[in-house]
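The structure appears below as structure tokens.
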Amino acid sequence: MLPGPEEIHAIDLMQQWSNVYQEALALVQGIEQLPDECPCGDADSHLNGRCPCCGTHPHANVPHTHSQSCTELLAGVRADLALLCEDFTRTAGPMRAVALGTRWTALRRDVVFTADDLQKIAGALERVDHAVLGFRRSCTVSEMRSLKRACAELRVHCEALNRELAGG
């Protein structure tokens with residue numbers, strides 16, 4: 001028996017989530033590995049692991065064409081998360097209606113919890129974005145630490161949703 005449109009759309013949402021999750025983790029890992037201090041004062045190069053301070057960063061001395069910079073990853077995660085949230089919202093309405101009609105409280109609860117988790121991730125990503133702007137403005141240790149805290153929060157929310165979707 002072939003899967004119906006609802007099952008195909010659910011598979012597509014899971015693939016979208018997988019992409020967002022992997023991109024978010026790559027962003028977080030890239031930023032976590034950056035040194036807190038940037039004596040050269042070049043915030044953009046520092047964020048991309050390409051300034052002299054970042055000699056041990058995984059992107060150091062790697063051509064841009066072979067890996068994405070932290071700023072490119074941030075833009076990609078932001079765009080992909082927006083698409084996922086939009087698609088989830090379109091799917092959640094009919095799922096909720098079916099669950100209401102059959103009184104499937106577990107399904108309704110899962111839809112609400114997933115929507116809440118996606119909002120938490122979007123909020124955490126927004127805080128990462130603001131922290132990047134703060135670091136670009138001042139290039140200070142305190143701003144980099146603020147960025148790393150925002151990334152840690154993003155990781156926590158992404159891993160929580162990923163565990164929930166994996167069934168435990």
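The way I read the labels, and the way they are meant: chains A, B, ... in the order of the structure tokens, residue 1 as the first residue of every chain, and ligand 1 as the first ligand shown, with later ones counted on from there.
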
Original post:
So which bits of segment 15-168 of chain A end up alpha helix (DSSP H) when you DSSP the backbone, as a VMD selection string?
Top reply: chain A and resid 15 to 32 43 to 47 70 to 102 105 to 138 141 to 165

To one decimal place in Å, what is the distance between atom CA of Ala124 of chain A and atom CA of Ala75 of chain A?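 Result for atom CA of Ala124 of chain A versus atom CA of Ala75 of chain A: 14.1 Å, one decimal.
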
Can you tell me how far atom CA of Ser45 of chain A sits from atom CA of Arg155 of chain A, in Å to one decimal?
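Pair atom CA of Ser45 of chain A / atom CA of Arg155 of chain A returns 23.3 Å.
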
Top pick for closest residue to Asp44 of chain A, considering A:Phe113, A:Asp129, A:Glu159, A:Cys70 and counting only C-alpha atoms: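 Under the stated criterion, the closest residue is A:Cys70.
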
Shortest contact to Cys53 of chain A, candidates A:Glu153, A:Asp117, A:Glu86, A:Glu37, atoms counted only C-alpha atoms, goes to A:Glu37

As a check of understanding: the span from atom CA of Leu147 of chain A to atom CA of Gln119 of chain A is 19.3 Å

Query - Exercise: Glu32 of chain A partners within 9 Å, only C-alpha atoms, chain neighbours under 6 positions left out, as a ChimeraX atom specification - result: /A:147-148,151-152

Would you save the residues of that selection, restricted to N, CA and C atoms, as a PDB file, in the first residue's frame?
ATOM      1  N   LEU A 147      27.088  35.313  22.714  1.00  0.00           N
ATOM      2  CA  LEU A 147      26.772  34.541  21.510  1.00  0.00           C
ATOM      3  C   LEU A 147      26.863  33.039  21.806  1.00  0.00           C
ATOM      4  N   LYS A 148      27.876  32.630  22.523  1.00  0.00           N
ATOM      5  CA  LYS A 148      28.025  31.208  22.846  1.00  0.00           C
ATOM      6  C   LYS A 148      26.906  30.728  23.768  1.00  0.00           C
ATOM      7  N   CYS A 151      23.948  30.222  21.593  1.00  0.00           N
ATOM      8  CA  CYS A 151      24.122  28.981  20.827  1.00  0.00           C
ATOM      9  C   CYS A 151      23.840  27.753  21.689  1.00  0.00           C
ATOM     10  N   ALA A 152      24.270  27.795  22.945  1.00  0.00           N
ATOM     11  CA  ALA A 152      24.005  26.673  23.858  1.00  0.00           C
ATOM     12  C   ALA A 152      22.502  26.494  24.045  1.00  0.00           C
TER      13      ALA A 152
END

Contacts of Asp42 of chain A within 10 Å, only C-alpha atoms, excl. fewer than 4 positions in-chain, as a list in words: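 Once the nearby chain positions are removed, what remains is Cys38, His46, Leu47, Arg50, Cys51, Pro52, Cys53, Arg136, Ser138 and Cys139 of chain A.
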
I need the residue nearest Ser18 of chain A from this list: A:Arg90, A:Arg127, A:Arg137, A:Arg163. Use only C-alpha atoms for the distance.
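With only C-alpha atoms as the atom set, the closest residue is A:Arg163.
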
| query | For Leu165 of chain A, which residue among A:Met144, A:Val111, A:Ala79, A:Ala122 is the nearest when counting only C-alpha atoms? | reply |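 Result for the nearest residue to Leu165 of chain A: A:Val111.
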
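Using only C-alpha atoms for every distance, the candidate list A:Leu73, A:Gly55, A:Asp36, A:Trp17 yields A:Asp36 as the residue closest to Arg145 of chain A.
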
Counting only C-alpha atoms, the residue among A:Leu118, A:Val112, A:Leu74, A:Ala160 that lies closest to His130 of chain A is A:Leu74

Margin query: Residues near Glu126 of chain A, anyone? I mean within 10 Å using only C-alpha atoms, not counting same-chain ones fewer than 5 positions away, as a PyMOL selection string.
Written below: chain A and resi 74+78+120-121+131-132+150+154

Residues of the last selection are to be written out with all heavy atoms, as a PDB file, in the first residue's frame.
ATOM      1  N   LEU A  74      24.113  30.581   9.616  1.00  0.00           N
ATOM      2  CA  LEU A  74      23.038  31.287  10.312  1.00  0.00           C
ATOM      3  C   LEU A  74      21.933  31.678   9.335  1.00  0.00           C
ATOM      4  O   LEU A  74      20.749  31.460   9.601  1.00  0.00           O
ATOM      5  CB  LEU A  74      23.582  32.520  11.038  1.00  0.00           C
ATOM      6  CG  LEU A  74      22.561  33.380  11.782  1.00  0.00           C
ATOM      7  CD1 LEU A  74      21.827  32.582  12.845  1.00  0.00           C
ATOM      8  CD2 LEU A  74      23.262  34.583  12.410  1.00  0.00           C
ATOM      9  N   ARG A  78      18.171  30.077   9.429  1.00  0.00           N
ATOM     10  CA  ARG A  78      17.039  31.003   9.568  1.00  0.00           C
ATOM     11  C   ARG A  78      16.021  30.765   8.451  1.00  0.00           C
ATOM     12  O   ARG A  78      14.815  30.665   8.706  1.00  0.00           O
ATOM     13  CB  ARG A  78      17.543  32.447   9.547  1.00  0.00           C
ATOM     14  CG  ARG A  78      16.526  33.433  10.022  1.00  0.00           C
ATOM     15  CD  ARG A  78      17.024  34.875  10.050  1.00  0.00           C
ATOM     16  NE  ARG A  78      18.377  35.052  10.489  1.00  0.00           N
ATOM     17  CZ  ARG A  78      19.333  35.641   9.773  1.00  0.00           C
ATOM     18  NH1 ARG A  78      19.092  36.120   8.578  1.00  0.00           N
ATOM     19  NH2 ARG A  78      20.552  35.775  10.253  1.00  0.00           N
ATOM     20  N   LYS A 120      10.187  27.892  20.402  1.00  0.00           N
ATOM     21  CA  LYS A 120      11.373  28.035  21.258  1.00  0.00           C
ATOM     22  C   LYS A 120      12.644  28.060  20.421  1.00  0.00           C
ATOM     23  O   LYS A 120      13.554  28.852  20.682  1.00  0.00           O
ATOM     24  CB  LYS A 120      11.434  26.897  22.278  1.00  0.00           C
ATOM     25  CG  LYS A 120      10.402  27.004  23.370  1.00  0.00           C
ATOM     26  CD  LYS A 120      10.473  25.804  24.295  1.00  0.00           C
ATOM     27  CE  LYS A 120       9.390  25.836  25.340  1.00  0.00           C
ATOM     28  NZ  LYS A 120       9.384  24.605  26.164  1.00  0.00           N
ATOM     29  N   ILE A 121      12.712  27.193  19.422  1.00  0.00           N
ATOM     30  CA  ILE A 121      13.884  27.156  18.547  1.00  0.00           C
ATOM     31  C   ILE A 121      13.991  28.454  17.758  1.00  0.00           C
ATOM     32  O   ILE A 121      15.076  29.028  17.638  1.00  0.00           O
ATOM     33  CB  ILE A 121      13.835  25.920  17.617  1.00  0.00           C
ATOM     34  CG1 ILE A 121      14.039  24.646  18.450  1.00  0.00           C
ATOM     35  CG2 ILE A 121      14.871  26.021  16.504  1.00  0.00           C
ATOM     36  CD1 ILE A 121      13.720  23.366  17.715  1.00  0.00           C
ATOM     37  N   ALA A 131      22.882  38.221  19.034  1.00  0.00           N
ATOM     38  CA  ALA A 131      24.212  38.128  19.636  1.00  0.00           C
ATOM     39  C   ALA A 131      25.302  38.284  18.570  1.00  0.00           C
ATOM     40  O   ALA A 131      26.343  38.892  18.826  1.00  0.00           O
ATOM     41  CB  ALA A 131      24.366  36.814  20.387  1.00  0.00           C
ATOM     42  N   VAL A 132      25.067  37.748  17.374  1.00  0.00           N
ATOM     43  CA  VAL A 132      26.020  37.934  16.265  1.00  0.00           C
ATOM     44  C   VAL A 132      26.137  39.419  15.949  1.00  0.00           C
ATOM     45  O   VAL A 132      27.243  39.946  15.779  1.00  0.00           O
ATOM     46  CB  VAL A 132      25.597  37.132  15.020  1.00  0.00           C
ATOM     47  CG1 VAL A 132      26.333  37.614  13.774  1.00  0.00           C
ATOM     48  CG2 VAL A 132      25.834  35.643  15.232  1.00  0.00           C
ATOM     49  N   ALA A 150      23.852  31.949  23.754  1.00  0.00           N
ATOM     50  CA  ALA A 150      22.681  31.855  22.871  1.00  0.00           C
ATOM     51  C   ALA A 150      22.755  30.575  22.037  1.00  0.00           C
ATOM     52  O   ALA A 150      21.743  29.905  21.825  1.00  0.00           O
ATOM     53  CB  ALA A 150      22.586  33.095  21.976  1.00  0.00           C
ATOM     54  N   LEU A 154      20.179  27.367  21.864  1.00  0.00           N
ATOM     55  CA  LEU A 154      19.675  26.829  20.601  1.00  0.00           C
ATOM     56  C   LEU A 154      19.908  25.314  20.548  1.00  0.00           C
ATOM     57  O   LEU A 154      19.014  24.555  20.176  1.00  0.00           O
ATOM     58  CB  LEU A 154      20.350  27.520  19.417  1.00  0.00           C
ATOM     59  CG  LEU A 154      19.982  27.006  18.025  1.00  0.00           C
ATOM     60  CD1 LEU A 154      18.493  27.182  17.743  1.00  0.00           C
ATOM     61  CD2 LEU A 154      20.837  27.713  16.965  1.00  0.00           C
TER      62      LEU A 154
END
